[in-house]
Amino acid sequence: MNDSHRHGCNGRTAAQTPSDPHAAGDPAALRDRIAQAVRDVRATTPLAQSFTNFVTINLVANAQLAAGGTAAMSFLPDDVIDTSAISGADYINVGTLLPFYKEALPQIARAFHQSGHPWVLDPVAAGIGATRTAILTAFKDYPPTIIRGNASEVIALCDMWGLGRQDDGVSGDEHPSTRPAGVESVDDVESATDAARRLARHMAPLSPGGQAAVAVSGKVDLVTDGDRIYRLPGGSALMSKITGAGCSLGGVTATYLAVAEPLTATLAASLLYNRAGEIAERLSDGPGSFQVHLLDALWNLTPEQVAASEIVVAR
Ligand SMILES: Nc1ncnc2c1ncn2[C@@H]1O[C@H](COP(=O)(O)OP(=O)(O)O)[C@@H](O)[C@H]1O
Ligand SMILES: Cc1ncsc1CCOP(=O)(O)O
Ligand SMILES: [Mg+2]
């Protein structure tokens, strides 16, 4: 874990504010929207297209199908942009890179921006490598609608976008650099609170409908729309013992973004994953059977079970 006393992109101010279960306005309405998103995906089987890494591509597609959506993977800009006309939302994951991605991914992001097409970014391994940094930096002007990453990735992206010194009322004014992580997080979720909020505030005015969300995954997931902070306890430590729990959560988040606004989509996907992880841990005997049971649980959980999950809200 990194040291405390971080400011700018790496701070934990929201943890200092008391949680307020009524701050969300109407928690019952929020739960209704979450249940409806789960229901709508199963009723309408929306396509969420992915441009994702080679390691976990199969799990991403299977998880989207298990949640009730459909999947299509592509890597050519013209193909991705044309298919976005029939895709409810897209998913871009920078886990494995090829040289042509440096041109292709900014071109795709620009096209989505121009057409108002919603998309989810998983900034896997943000901070590592000049090519990845160039791609992720280019996304600042054509940002995703949702970012879903682990704490280290969210902090690194906030640093990369230079959002650590802004007078936006989020918190501290210093901007220490964070060390790059691999695909695993080396920071705790709370230390990414300010970064998540700053990223969401940057993205919202540039996003379709003026709304955006950021999800930081870990032991207790954190979701923000740039204003409120939602903490989602649960899940299973075994989720970090299979490859692709985070990537497939990003893909399923895009599936929900095809039917719901960003905050609801992000909460619904993260809650579905937490509940599915708990069920899979109970039924499994190790990472292999865990992955199988995780997919089954994504399929079998009801909208009501997902929406009844614990959600801790803070300003
Ligand atoms: N220690 C943990 N306890 C419970 N759930 C976890 C834990 N670590 C990760 N998860 C869950 O695993 C999923 C993937 O998150 P994470 O492992 O942080 O992503 P990534 O693979 O991108 O680093 C999320 O649903 C998250 O809630
Ligand atoms: C191992 C690995 N290497 C490049 S991408 C990748 C998958 C990362 O998956 P996740 O972040 O979901 O664990
Ligand atoms: Mg990841």
# chains A, B, ... in the order shown; residues from 1 in each chain; ligands from 1

$ residues_near_ligand --ligand "ligand 3" --cutoff "6 Å" --atoms "only C-alpha atoms and all ligand atoms" --output "PyMOL selection string"
chain A and resi 124+149+183+246-247

$ write_last_selection --atoms "C-alpha atoms" --output "PDB file, in the first residue's frame"
ATOM      1  CA  VAL A 124      -5.100  -1.566 -17.510  1.00  0.00           C
ATOM      2  CA  GLY A 149     -10.028   0.347 -13.080  1.00  0.00           C
ATOM      3  CA  VAL A 183      -2.066  -5.101 -14.008  1.00  0.00           C
ATOM      4  CA  GLY A 246     -11.591  -6.631 -13.651  1.00  0.00           C
ATOM      5  CA  CYS A 247     -11.617  -6.757 -17.457  1.00  0.00           C
TER       6      CYS A 247
END

$ closest_atom_pairs --of "chain A" --to "ligand 1" --cutoff "6 Å" --atoms "only C-alpha atoms and all ligand atoms" --output "Markdown table"
| residue | atom | partner | partner_atom_place_in_ligand_line | distance |
| --- | --- | --- | --- | --- |
| A:Gly149 | CA | ligand 1 | 22 (O) | 5.4 |
| A:Asn150 | CA | ligand 1 | 18 (O) | 4.6 |
| A:Glu184 | CA | ligand 1 | 23 (O) | 4.7 |
| A:Ser185 | CA | ligand 1 | 23 (O) | 5.6 |
| A:Ser217 | CA | ligand 1 | 18 (O) | 4.0 |
| A:Gly218 | CA | ligand 1 | 18 (O) | 3.9 |
| A:Lys219 | CA | ligand 1 | 2 (C) | 3.6 |
| A:Asp221 | CA | ligand 1 | 27 (O) | 5.3 |
| A:Gly234 | CA | ligand 1 | 4 (C) | 5.4 |
| A:Gly235 | CA | ligand 1 | 5 (N) | 3.7 |
| A:Ser236 | CA | ligand 1 | 4 (C) | 3.7 |
| A:Ala237 | CA | ligand 1 | 2 (C) | 3.8 |
| A:Met239 | CA | ligand 1 | 12 (O) | 4.5 |
| A:Ser240 | CA | ligand 1 | 17 (O) | 4.5 |
| A:Gly244 | CA | ligand 1 | 21 (O) | 5.9 |
| A:Ala245 | CA | ligand 1 | 14 (C) | 4.5 |
| A:Gly246 | CA | ligand 1 | 22 (O) | 3.6 |
| A:Cys247 | CA | ligand 1 | 22 (O) | 5.9 |
| A:Ser270 | CA | ligand 1 | 25 (O) | 5.7 |
| A:Tyr273 | CA | ligand 1 | 25 (O) | 4.9 |
| A:Asn274 | CA | ligand 1 | 25 (O) | 5.3 |

$ select_by_dssp --residues "range 147-248 of chain A" --states "helix (DSSP H, G or I)" --output "JSON, numbers by chain"
{"A": [151, 152, 153, 154, 155, 156, 157, 158, 159, 160, 189, 190, 191, 192, 193, 194, 195, 196, 197, 198, 199, 200, 201, 202, 203, 204, 205, 206, 208, 209, 210, 237, 238, 239, 240, 241, 245, 246, 247, 248]}

$ write_last_selection --atoms "N, CA, C and O atoms" --output "compact mmCIF listing (two decimals), in the first residue's frame"
# COMPACT_ATOMS: atom_id res chain seq x y z
N ALA A 151 -7.25 0.75 -8.21
CA ALA A 151 -6.85 2.04 -7.61
C ALA A 151 -5.61 2.62 -8.27
O ALA A 151 -5.55 3.81 -8.57
N SER A 152 -4.61 1.79 -8.50
CA SER A 152 -3.36 2.30 -9.09
C SER A 152 -3.61 2.85 -10.48
O SER A 152 -3.01 3.87 -10.87
N GLU A 153 -4.45 2.19 -11.24
CA GLU A 153 -4.74 2.65 -12.60
C GLU A 153 -5.48 3.97 -12.60
O GLU A 153 -5.20 4.88 -13.40
N VAL A 154 -6.42 4.12 -11.69
CA VAL A 154 -7.21 5.36 -11.62
C VAL A 154 -6.33 6.52 -11.18
O VAL A 154 -6.40 7.63 -11.74
N ILE A 155 -5.45 6.29 -10.22
CA ILE A 155 -4.53 7.35 -9.77
C ILE A 155 -3.57 7.73 -10.91
O ILE A 155 -3.34 8.91 -11.18
N ALA A 156 -3.04 6.73 -11.59
CA ALA A 156 -2.09 7.00 -12.69
C ALA A 156 -2.76 7.78 -13.81
O ALA A 156 -2.18 8.71 -14.39
N LEU A 157 -4.00 7.44 -14.13
CA LEU A 157 -4.70 8.13 -15.22
C LEU A 157 -4.99 9.58 -14.84
O LEU A 157 -4.86 10.50 -15.66
N CYS A 158 -5.38 9.80 -13.60
CA CYS A 158 -5.64 11.16 -13.12
C CYS A 158 -4.36 12.00 -13.22
O CYS A 158 -4.38 13.15 -13.67
N ASP A 159 -3.24 11.41 -12.84
CA ASP A 159 -1.93 12.09 -12.97
C ASP A 159 -1.65 12.42 -14.44
O ASP A 159 -1.24 13.52 -14.78
N MET A 160 -1.87 11.42 -15.29
CA MET A 160 -1.58 11.55 -16.71
C MET A 160 -2.39 12.67 -17.35
O MET A 160 -1.93 13.36 -18.24
N VAL A 189 -8.08 1.13 -2.37
CA VAL A 189 -9.18 1.80 -3.07
C VAL A 189 -9.38 3.23 -2.55
O VAL A 189 -9.54 4.17 -3.33
N GLU A 190 -9.33 3.40 -1.23
CA GLU A 190 -9.61 4.73 -0.66
C GLU A 190 -8.63 5.78 -1.16
O GLU A 190 -8.99 6.95 -1.31
N SER A 191 -7.39 5.38 -1.42
CA SER A 191 -6.39 6.36 -1.85
C SER A 191 -6.67 6.88 -3.25
O SER A 191 -6.06 7.86 -3.68
N ALA A 192 -7.60 6.26 -3.95
CA ALA A 192 -7.97 6.72 -5.30
C ALA A 192 -9.24 7.56 -5.30
O ALA A 192 -9.76 7.90 -6.37
N THR A 193 -9.75 7.90 -4.13
CA THR A 193 -11.03 8.61 -4.05
C THR A 193 -11.00 9.93 -4.81
O THR A 193 -11.88 10.23 -5.63
N ASP A 194 -10.00 10.76 -4.52
CA ASP A 194 -9.94 12.06 -5.18
C ASP A 194 -9.72 11.92 -6.68
O ASP A 194 -10.30 12.65 -7.48
N ALA A 195 -8.85 10.99 -7.05
CA ALA A 195 -8.58 10.78 -8.48
C ALA A 195 -9.87 10.40 -9.21
O ALA A 195 -10.16 10.92 -10.29
N ALA A 196 -10.64 9.50 -8.61
CA ALA A 196 -11.89 9.06 -9.24
C ALA A 196 -12.83 10.24 -9.42
O ALA A 196 -13.44 10.43 -10.47
N ARG A 197 -12.93 11.05 -8.39
CA ARG A 197 -13.85 12.19 -8.46
C ARG A 197 -13.39 13.22 -9.49
O ARG A 197 -14.17 13.77 -10.25
N ARG A 198 -12.10 13.47 -9.52
CA ARG A 198 -11.56 14.44 -10.50
C ARG A 198 -11.77 13.95 -11.92
O ARG A 198 -12.11 14.72 -12.83
N LEU A 199 -11.52 12.66 -12.14
CA LEU A 199 -11.72 12.11 -13.48
C LEU A 199 -13.19 12.23 -13.90
O LEU A 199 -13.49 12.66 -15.02
N ALA A 200 -14.10 11.88 -13.00
CA ALA A 200 -15.54 11.95 -13.34
C ALA A 200 -15.95 13.39 -13.65
O ALA A 200 -16.72 13.64 -14.58
N ARG A 201 -15.42 14.34 -12.89
CA ARG A 201 -15.77 15.75 -13.13
C ARG A 201 -15.22 16.25 -14.45
O ARG A 201 -15.81 17.09 -15.11
N HIS A 202 -14.06 15.73 -14.84
CA HIS A 202 -13.51 16.10 -16.14
C HIS A 202 -14.35 15.50 -17.27
O HIS A 202 -14.61 16.15 -18.29
N MET A 203 -14.75 14.24 -17.10
CA MET A 203 -15.42 13.52 -18.18
C MET A 203 -16.85 13.98 -18.42
O MET A 203 -17.32 14.02 -19.57
N ALA A 204 -17.58 14.31 -17.33
CA ALA A 204 -19.02 14.53 -17.45
C ALA A 204 -19.40 15.56 -18.52
O ALA A 204 -20.24 15.27 -19.39
N PRO A 205 -18.81 16.77 -18.51
CA PRO A 205 -19.25 17.75 -19.51
C PRO A 205 -18.91 17.36 -20.94
O PRO A 205 -19.49 17.89 -21.89
N LEU A 206 -17.99 16.41 -21.11
CA LEU A 206 -17.59 15.97 -22.46
C LEU A 206 -18.31 14.69 -22.87
O LEU A 206 -18.07 14.15 -23.95
N PRO A 208 -21.77 11.99 -23.39
CA PRO A 208 -23.16 12.03 -23.83
C PRO A 208 -24.08 12.25 -22.62
O PRO A 208 -23.93 11.57 -21.60
N GLY A 209 -25.00 13.18 -22.71
CA GLY A 209 -25.92 13.44 -21.61
C GLY A 209 -25.28 14.20 -20.45
O GLY A 209 -25.91 14.42 -19.42
N GLY A 210 -24.01 14.59 -20.59
CA GLY A 210 -23.34 15.36 -19.53
C GLY A 210 -23.11 14.58 -18.25
O GLY A 210 -22.90 15.16 -17.20
N ALA A 237 -11.99 -12.45 -2.48
CA ALA A 237 -10.55 -12.32 -2.75
C ALA A 237 -10.13 -13.23 -3.91
O ALA A 237 -9.12 -12.98 -4.57
N LEU A 238 -10.90 -14.28 -4.16
CA LEU A 238 -10.57 -15.17 -5.28
C LEU A 238 -10.71 -14.47 -6.64
O LEU A 238 -10.18 -14.94 -7.64
N MET A 239 -11.43 -13.33 -6.65
CA MET A 239 -11.57 -12.60 -7.93
C MET A 239 -10.22 -12.11 -8.42
O MET A 239 -10.03 -11.92 -9.62
N SER A 240 -9.30 -11.88 -7.50
CA SER A 240 -7.97 -11.45 -7.96
C SER A 240 -7.05 -12.64 -8.21
O SER A 240 -5.88 -12.46 -8.54
N LYS A 241 -7.57 -13.86 -8.10
CA LYS A 241 -6.78 -15.07 -8.38
C LYS A 241 -7.17 -15.70 -9.72
O LYS A 241 -6.73 -16.81 -10.03
N ALA A 245 -11.10 -10.78 -13.98
CA ALA A 245 -12.27 -10.35 -13.20
C ALA A 245 -12.51 -8.85 -13.45
O ALA A 245 -13.65 -8.42 -13.70
N GLY A 246 -11.44 -8.07 -13.40
CA GLY A 246 -11.59 -6.63 -13.65
C GLY A 246 -11.98 -6.34 -15.09
O GLY A 246 -12.89 -5.54 -15.35
N CYS A 247 -11.30 -7.00 -16.04
CA CYS A 247 -11.62 -6.76 -17.46
C CYS A 247 -13.07 -7.12 -17.77
O CYS A 247 -13.78 -6.38 -18.47
N SER A 248 -13.51 -8.26 -17.27
CA SER A 248 -14.88 -8.68 -17.59
C SER A 248 -15.90 -7.81 -16.87
O SER A 248 -16.99 -7.55 -17.41

$ residues_around --residues "range 103-110 of chain A" --least-positions-apart "3" --cutoff "7 Å" --atoms "only C-alpha atoms" --output "NGL selection string"
:A and (77 or 81 or 100 or 113-114 or 135 or 138-139 or 142)

$ closest_residue --among "A:Ile279, A:Leu59, A:Ala72, A:Ala269" --to "ligand 2" --atoms "only C-alpha atoms and all ligand atoms"
A:Leu59
